[in-house]
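Enquirer: Before anything else, here's the structure in question.
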Amino acid sequence: MSRMKGKWAQGIKPRNFAWIIRDRLAICERPGGYGPNHRRVRRQEEIIWLREQGFTCDVSLVAPPHNLHNYDELGLPYLQRPFGPHEDARQVLSEMYPEIKEMLATGQKVVVHQEEVGDRLAGVVAGYIRWSGMVPEGPEAIAIIEQITGRQLGPVGRSLVALAAQLG
């Protein structure tokens with residue numbers, strides 16, 4: 001019985017979890033799922049998993065603050081940086097990228113999520129690796145993120161990579 005309790009205490013990995021920078025920066029879909037598939041217990045298990053894996057911050061790009069109290073209750077710090085289709089991409093990314101860079105520079109382990117791992121989230125992290133200088137060119141950043149996520153970056157994602165290059 002204690003073995004099951006130990007496994008339960010570890011939580012479960014969020015769906016579509018992927019490392020962008022191994023052991024430092026990751027992405028996933030919203031803990032607990034999204035839309036009609038969202039489950040409270042699953043959300044708790046996935047937040048526990050993130051905490052147990054040593055993540056020090058969850059950056060939520062989801063606009064409504066629903067369920068963020070669960071991060072507090074389960075001891076996982078978070079930042080809410082709403083980034084839907086109506087937000088000003090230049091403003092959001094010019095504020096968020098330095099925050100992520102600072103967290104990573106101080107040894108933190110960061111996960112970024114949106115409702116799903118789609119074009120916008122993939123574009124955000126492709127833009128980040130381009131903006132931070134880890135990858136010198138946009139096409140290379142796009143190719144890396146496409147390989148990691150197993151999906152092609154569409155027009156929204158590609159436009160975020162182009163914008164990231166302009167942010168300096």
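We label chains A, B, ... in the order they appear in the structure tokens, count residues from 1 in each chain, and number ligands from 1 in the order shown.
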When you look at stretch 119-127 of chain A with a cut-off of 7 Å (counting only C-alpha atoms), what residues show up, excluding the ones that are within fewer than 4 positions of it in the same chain? I need them as an NGL selection string.
Expert: :A and (114 or 131 or 141-142 or 145 or 153-154 or 156-158 or 160-161 or 164)
Enquirer: Could the residues in this selection be written to a file with N, CA, C and O atoms, as an mmCIF file, in the first residue's frame?
Expert:
```
data_model
loop_
_atom_site.group_PDB
_atom_site.id
_atom_site.type_symbol
_atom_site.label_atom_id
_atom_site.label_comp_id
_atom_site.auth_asym_id
_atom_site.auth_seq_id
_atom_site.Cartn_x
_atom_site.Cartn_y
_atom_site.Cartn_z
ATOM 1 N N GLN A 114 -0.063 26.811 -22.091
ATOM 2 C CA GLN A 114 -1.260 27.472 -22.588
ATOM 3 C C GLN A 114 -2.336 26.388 -22.557
ATOM 4 O O GLN A 114 -2.080 25.282 -22.091
ATOM 5 N N TRP A 131 15.309 34.909 -29.466
ATOM 6 C CA TRP A 131 15.518 36.177 -28.746
ATOM 7 C C TRP A 131 16.704 36.105 -27.792
ATOM 8 O O TRP A 131 17.497 37.037 -27.688
ATOM 9 N N ALA A 141 15.482 28.253 -35.267
ATOM 10 C CA ALA A 141 14.637 28.171 -34.073
ATOM 11 C C ALA A 141 13.330 27.448 -34.404
ATOM 12 O O ALA A 141 12.869 26.592 -33.636
ATOM 13 N N ILE A 142 12.763 27.772 -35.561
ATOM 14 C CA ILE A 142 11.520 27.128 -35.986
ATOM 15 C C ILE A 142 11.736 25.629 -36.176
ATOM 16 O O ILE A 142 10.958 24.811 -35.682
ATOM 17 N N ILE A 145 12.054 23.769 -32.756
ATOM 18 C CA ILE A 145 10.787 23.634 -32.040
ATOM 19 C C ILE A 145 9.850 22.677 -32.779
ATOM 20 O O ILE A 145 9.118 21.901 -32.159
ATOM 21 N N LEU A 153 5.177 24.646 -37.406
ATOM 22 C CA LEU A 153 4.785 25.966 -36.941
ATOM 23 C C LEU A 153 4.009 26.664 -38.058
ATOM 24 O O LEU A 153 4.477 26.725 -39.193
ATOM 25 N N GLY A 154 2.838 27.156 -37.727
ATOM 26 C CA GLY A 154 2.001 27.856 -38.687
ATOM 27 C C GLY A 154 2.300 29.342 -38.708
ATOM 28 O O GLY A 154 3.271 29.806 -38.094
ATOM 29 N N VAL A 156 0.951 31.949 -37.185
ATOM 30 C CA VAL A 156 1.002 32.641 -35.882
ATOM 31 C C VAL A 156 2.343 32.383 -35.209
ATOM 32 O O VAL A 156 3.021 33.314 -34.756
ATOM 33 N N GLY A 157 2.753 31.138 -35.145
ATOM 34 C CA GLY A 157 4.031 30.790 -34.519
ATOM 35 C C GLY A 157 5.211 31.441 -35.219
ATOM 36 O O GLY A 157 6.117 31.992 -34.582
ATOM 37 N N ARG A 158 5.206 31.400 -36.546
ATOM 38 C CA ARG A 158 6.293 31.997 -37.329
ATOM 39 C C ARG A 158 6.348 33.517 -37.137
ATOM 40 O O ARG A 158 7.433 34.104 -37.061
ATOM 41 N N LEU A 160 5.563 35.083 -34.438
ATOM 42 C CA LEU A 160 6.130 35.328 -33.106
ATOM 43 C C LEU A 160 7.651 35.214 -33.128
ATOM 44 O O LEU A 160 8.349 35.967 -32.450
ATOM 45 N N VAL A 161 8.170 34.281 -33.914
ATOM 46 C CA VAL A 161 9.629 34.149 -34.050
ATOM 47 C C VAL A 161 10.199 35.395 -34.720
ATOM 48 O O VAL A 161 11.215 35.929 -34.284
ATOM 49 N N ALA A 164 10.172 38.197 -32.226
ATOM 50 C CA ALA A 164 11.207 38.021 -31.211
ATOM 51 C C ALA A 164 12.543 38.579 -31.685
ATOM 52 O O ALA A 164 13.285 39.181 -30.910
#
```
Enquirer: Quick one: everything within 6 Å of A:Gly11, counting only C-alpha atoms, minus sequence neighbours fewer than 6 positions away in the same chain. Send it as a list in words.
Expert: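 In the requested format, the answer is Glu45, Glu46, Ile48 and Trp49 of chain A.
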Enquirer: Rank nothing, just name the residue among A:Arg22, A:Arg130, A:His69, A:Lys109 nearest to A:Glu52, using only C-alpha atoms.
Expert: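 Among the listed residues, A:Lys109 lies closest to A:Glu52.
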Enquirer: By how many Å are atom CA of A:Gln80 and atom CA of A:Ser159 apart?
Expert: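 Computing it gives 22.3 Å between the two atoms.
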Enquirer: Using DSSP secondary structure from the backbone, list all alpha helix (DSSP H) positions within stretch 2-133 of chain A, as a ChimeraX atom specification.
Expert: /A:2-9,40-52,69-73,89-105,119-131
Enquirer: Using DSSP secondary structure from the backbone, list all strand (DSSP E or B) positions within stretch 20-124 of chain A, as a PyMOL selection string.
Expert: chain A and resi 20-21+25-29+57-60+78-80+110-114
Enquirer: For the residues selected in the previous step, produce a file with N, CA and C atoms as a PDB file, in the first residue's frame.
Expert:
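Below is the file that was written, part_38.pdb:
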```
ATOM      1  N   ILE A  20      12.245  22.087 -23.794  1.00  0.00           N
ATOM      2  CA  ILE A  20      12.783  23.013 -24.784  1.00  0.00           C
ATOM      3  C   ILE A  20      14.280  23.161 -24.526  1.00  0.00           C
ATOM      4  N   ILE A  21      14.639  23.317 -23.259  1.00  0.00           N
ATOM      5  CA  ILE A  21      16.032  23.290 -22.811  1.00  0.00           C
ATOM      6  C   ILE A  21      16.070  22.243 -21.699  1.00  0.00           C
ATOM      7  N   LEU A  25      13.832  24.407 -19.150  1.00  0.00           N
ATOM      8  CA  LEU A  25      12.654  25.067 -19.701  1.00  0.00           C
ATOM      9  C   LEU A  25      11.819  24.041 -20.453  1.00  0.00           C
ATOM     10  N   ALA A  26      10.536  23.965 -20.104  1.00  0.00           N
ATOM     11  CA  ALA A  26       9.641  22.984 -20.728  1.00  0.00           C
ATOM     12  C   ALA A  26       8.316  23.651 -21.076  1.00  0.00           C
ATOM     13  N   ILE A  27       7.532  22.930 -21.883  1.00  0.00           N
ATOM     14  CA  ILE A  27       6.172  23.348 -22.209  1.00  0.00           C
ATOM     15  C   ILE A  27       5.228  22.181 -21.978  1.00  0.00           C
ATOM     16  N   CYS A  28       3.954  22.500 -21.821  1.00  0.00           N
ATOM     17  CA  CYS A  28       2.928  21.461 -21.717  1.00  0.00           C
ATOM     18  C   CYS A  28       1.570  22.109 -21.929  1.00  0.00           C
ATOM     19  N   GLU A  29       0.550  21.270 -22.066  1.00  0.00           N
ATOM     20  CA  GLU A  29      -0.797  21.826 -22.110  1.00  0.00           C
ATOM     21  C   GLU A  29      -1.198  22.178 -20.683  1.00  0.00           C
ATOM     22  N   CYS A  57       8.746  27.421 -11.242  1.00  0.00           N
ATOM     23  CA  CYS A  57       7.744  28.373 -11.696  1.00  0.00           C
ATOM     24  C   CYS A  57       6.974  27.819 -12.888  1.00  0.00           C
ATOM     25  N   ASP A  58       5.664  27.995 -12.858  1.00  0.00           N
ATOM     26  CA  ASP A  58       4.805  27.674 -13.984  1.00  0.00           C
ATOM     27  C   ASP A  58       4.348  29.010 -14.559  1.00  0.00           C
ATOM     28  N   VAL A  59       4.658  29.248 -15.820  1.00  0.00           N
ATOM     29  CA  VAL A  59       4.229  30.471 -16.486  1.00  0.00           C
ATOM     30  C   VAL A  59       2.979  30.129 -17.291  1.00  0.00           C
ATOM     31  N   SER A  60       1.845  30.656 -16.835  1.00  0.00           N
ATOM     32  CA  SER A  60       0.566  30.396 -17.491  1.00  0.00           C
ATOM     33  C   SER A  60       0.265  31.500 -18.496  1.00  0.00           C
ATOM     34  N   TYR A  78       3.870  30.472  -9.542  1.00  0.00           N
ATOM     35  CA  TYR A  78       3.430  30.673 -10.917  1.00  0.00           C
ATOM     36  C   TYR A  78       3.464  32.149 -11.272  1.00  0.00           C
ATOM     37  N   LEU A  79       3.483  32.403 -12.568  1.00  0.00           N
ATOM     38  CA  LEU A  79       3.273  33.732 -13.122  1.00  0.00           C
ATOM     39  C   LEU A  79       2.149  33.598 -14.125  1.00  0.00           C
ATOM     40  N   GLN A  80       1.222  34.521 -14.114  1.00  0.00           N
ATOM     41  CA  GLN A  80       0.187  34.527 -15.139  1.00  0.00           C
ATOM     42  C   GLN A  80       0.519  35.636 -16.121  1.00  0.00           C
ATOM     43  N   VAL A 110      11.678  26.104 -15.274  1.00  0.00           N
ATOM     44  CA  VAL A 110      10.456  26.788 -15.670  1.00  0.00           C
ATOM     45  C   VAL A 110       9.655  25.955 -16.670  1.00  0.00           C
ATOM     46  N   VAL A 111       8.350  25.917 -16.477  1.00  0.00           N
ATOM     47  CA  VAL A 111       7.444  25.316 -17.457  1.00  0.00           C
ATOM     48  C   VAL A 111       6.472  26.401 -17.905  1.00  0.00           C
ATOM     49  N   VAL A 112       6.199  26.431 -19.206  1.00  0.00           N
ATOM     50  CA  VAL A 112       5.273  27.401 -19.776  1.00  0.00           C
ATOM     51  C   VAL A 112       4.107  26.619 -20.364  1.00  0.00           C
ATOM     52  N   HIS A 113       2.887  27.053 -20.054  1.00  0.00           N
ATOM     53  CA  HIS A 113       1.731  26.351 -20.630  1.00  0.00           C
ATOM     54  C   HIS A 113       0.688  27.322 -21.145  1.00  0.00           C
ATOM     55  N   GLN A 114      -0.063  26.811 -22.091  1.00  0.00           N
ATOM     56  CA  GLN A 114      -1.260  27.472 -22.588  1.00  0.00           C
ATOM     57  C   GLN A 114      -2.336  26.388 -22.557  1.00  0.00           C
TER      58      GLN A 114
END
```
Enquirer: Return the single residue from A:Gln166, A:Arg43, A:Phe17, A:Glu102 that is closest to A:Asn67, with distances computed using only C-alpha atoms.
Expert: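 Once distances to A:Asn67 are computed over only C-alpha atoms, the minimum belongs to A:Arg43.
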Enquirer: Rank nothing, just name the residue among A:Leu104, A:Leu68, A:Met96, A:Ala143 nearest to A:Thr56, using only C-alpha atoms.
Expert: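 So, comparing all the options, the nearest one is A:Leu104.
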Enquirer: What gap, in Å, lies between atom CA of A:Ile100 and atom CA of A:Pro65?
Expert: 19.8 Å
Enquirer: Show which residues sit within 9 Å of A:Glu115, as a PyMOL selection string. Count only C-alpha atoms, and ignore same-chain residues fewer than 6 positions away.
Expert: chain A and resi 28-31+33-35+60-62
Enquirer: Suppose we keep C-alpha atoms; can you now write the selection as an mmCIF file, in the first residue's frame?
Expert:
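For reference, result38.cif as written:
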```
data_model
loop_
_atom_site.group_PDB
_atom_site.id
_atom_site.type_symbol
_atom_site.label_atom_id
_atom_site.label_comp_id
_atom_site.auth_asym_id
_atom_site.auth_seq_id
_atom_site.Cartn_x
_atom_site.Cartn_y
_atom_site.Cartn_z
ATOM 1 C CA CYS A 28 2.928 21.461 -21.717
ATOM 2 C CA GLU A 29 -0.797 21.826 -22.110
ATOM 3 C CA ARG A 30 -2.741 23.367 -19.244
ATOM 4 C CA PRO A 31 -2.465 21.132 -16.167
ATOM 5 C CA GLY A 33 -6.491 19.644 -19.605
ATOM 6 C CA TYR A 34 -8.608 22.250 -21.304
ATOM 7 C CA GLY A 35 -12.192 22.786 -22.323
ATOM 8 C CA SER A 60 0.566 30.396 -17.491
ATOM 9 C CA LEU A 61 -0.316 32.042 -20.797
ATOM 10 C CA VAL A 62 -4.016 31.335 -20.191
#
```
Enquirer: Considering only C-alpha atoms, can you say which of A:Ala165, A:Gln10, A:Asn16, A:Arg24 comes closest to A:Arg90?
Expert: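 Among the listed residues, the smallest separation from A:Arg90 belongs to A:Ala165.
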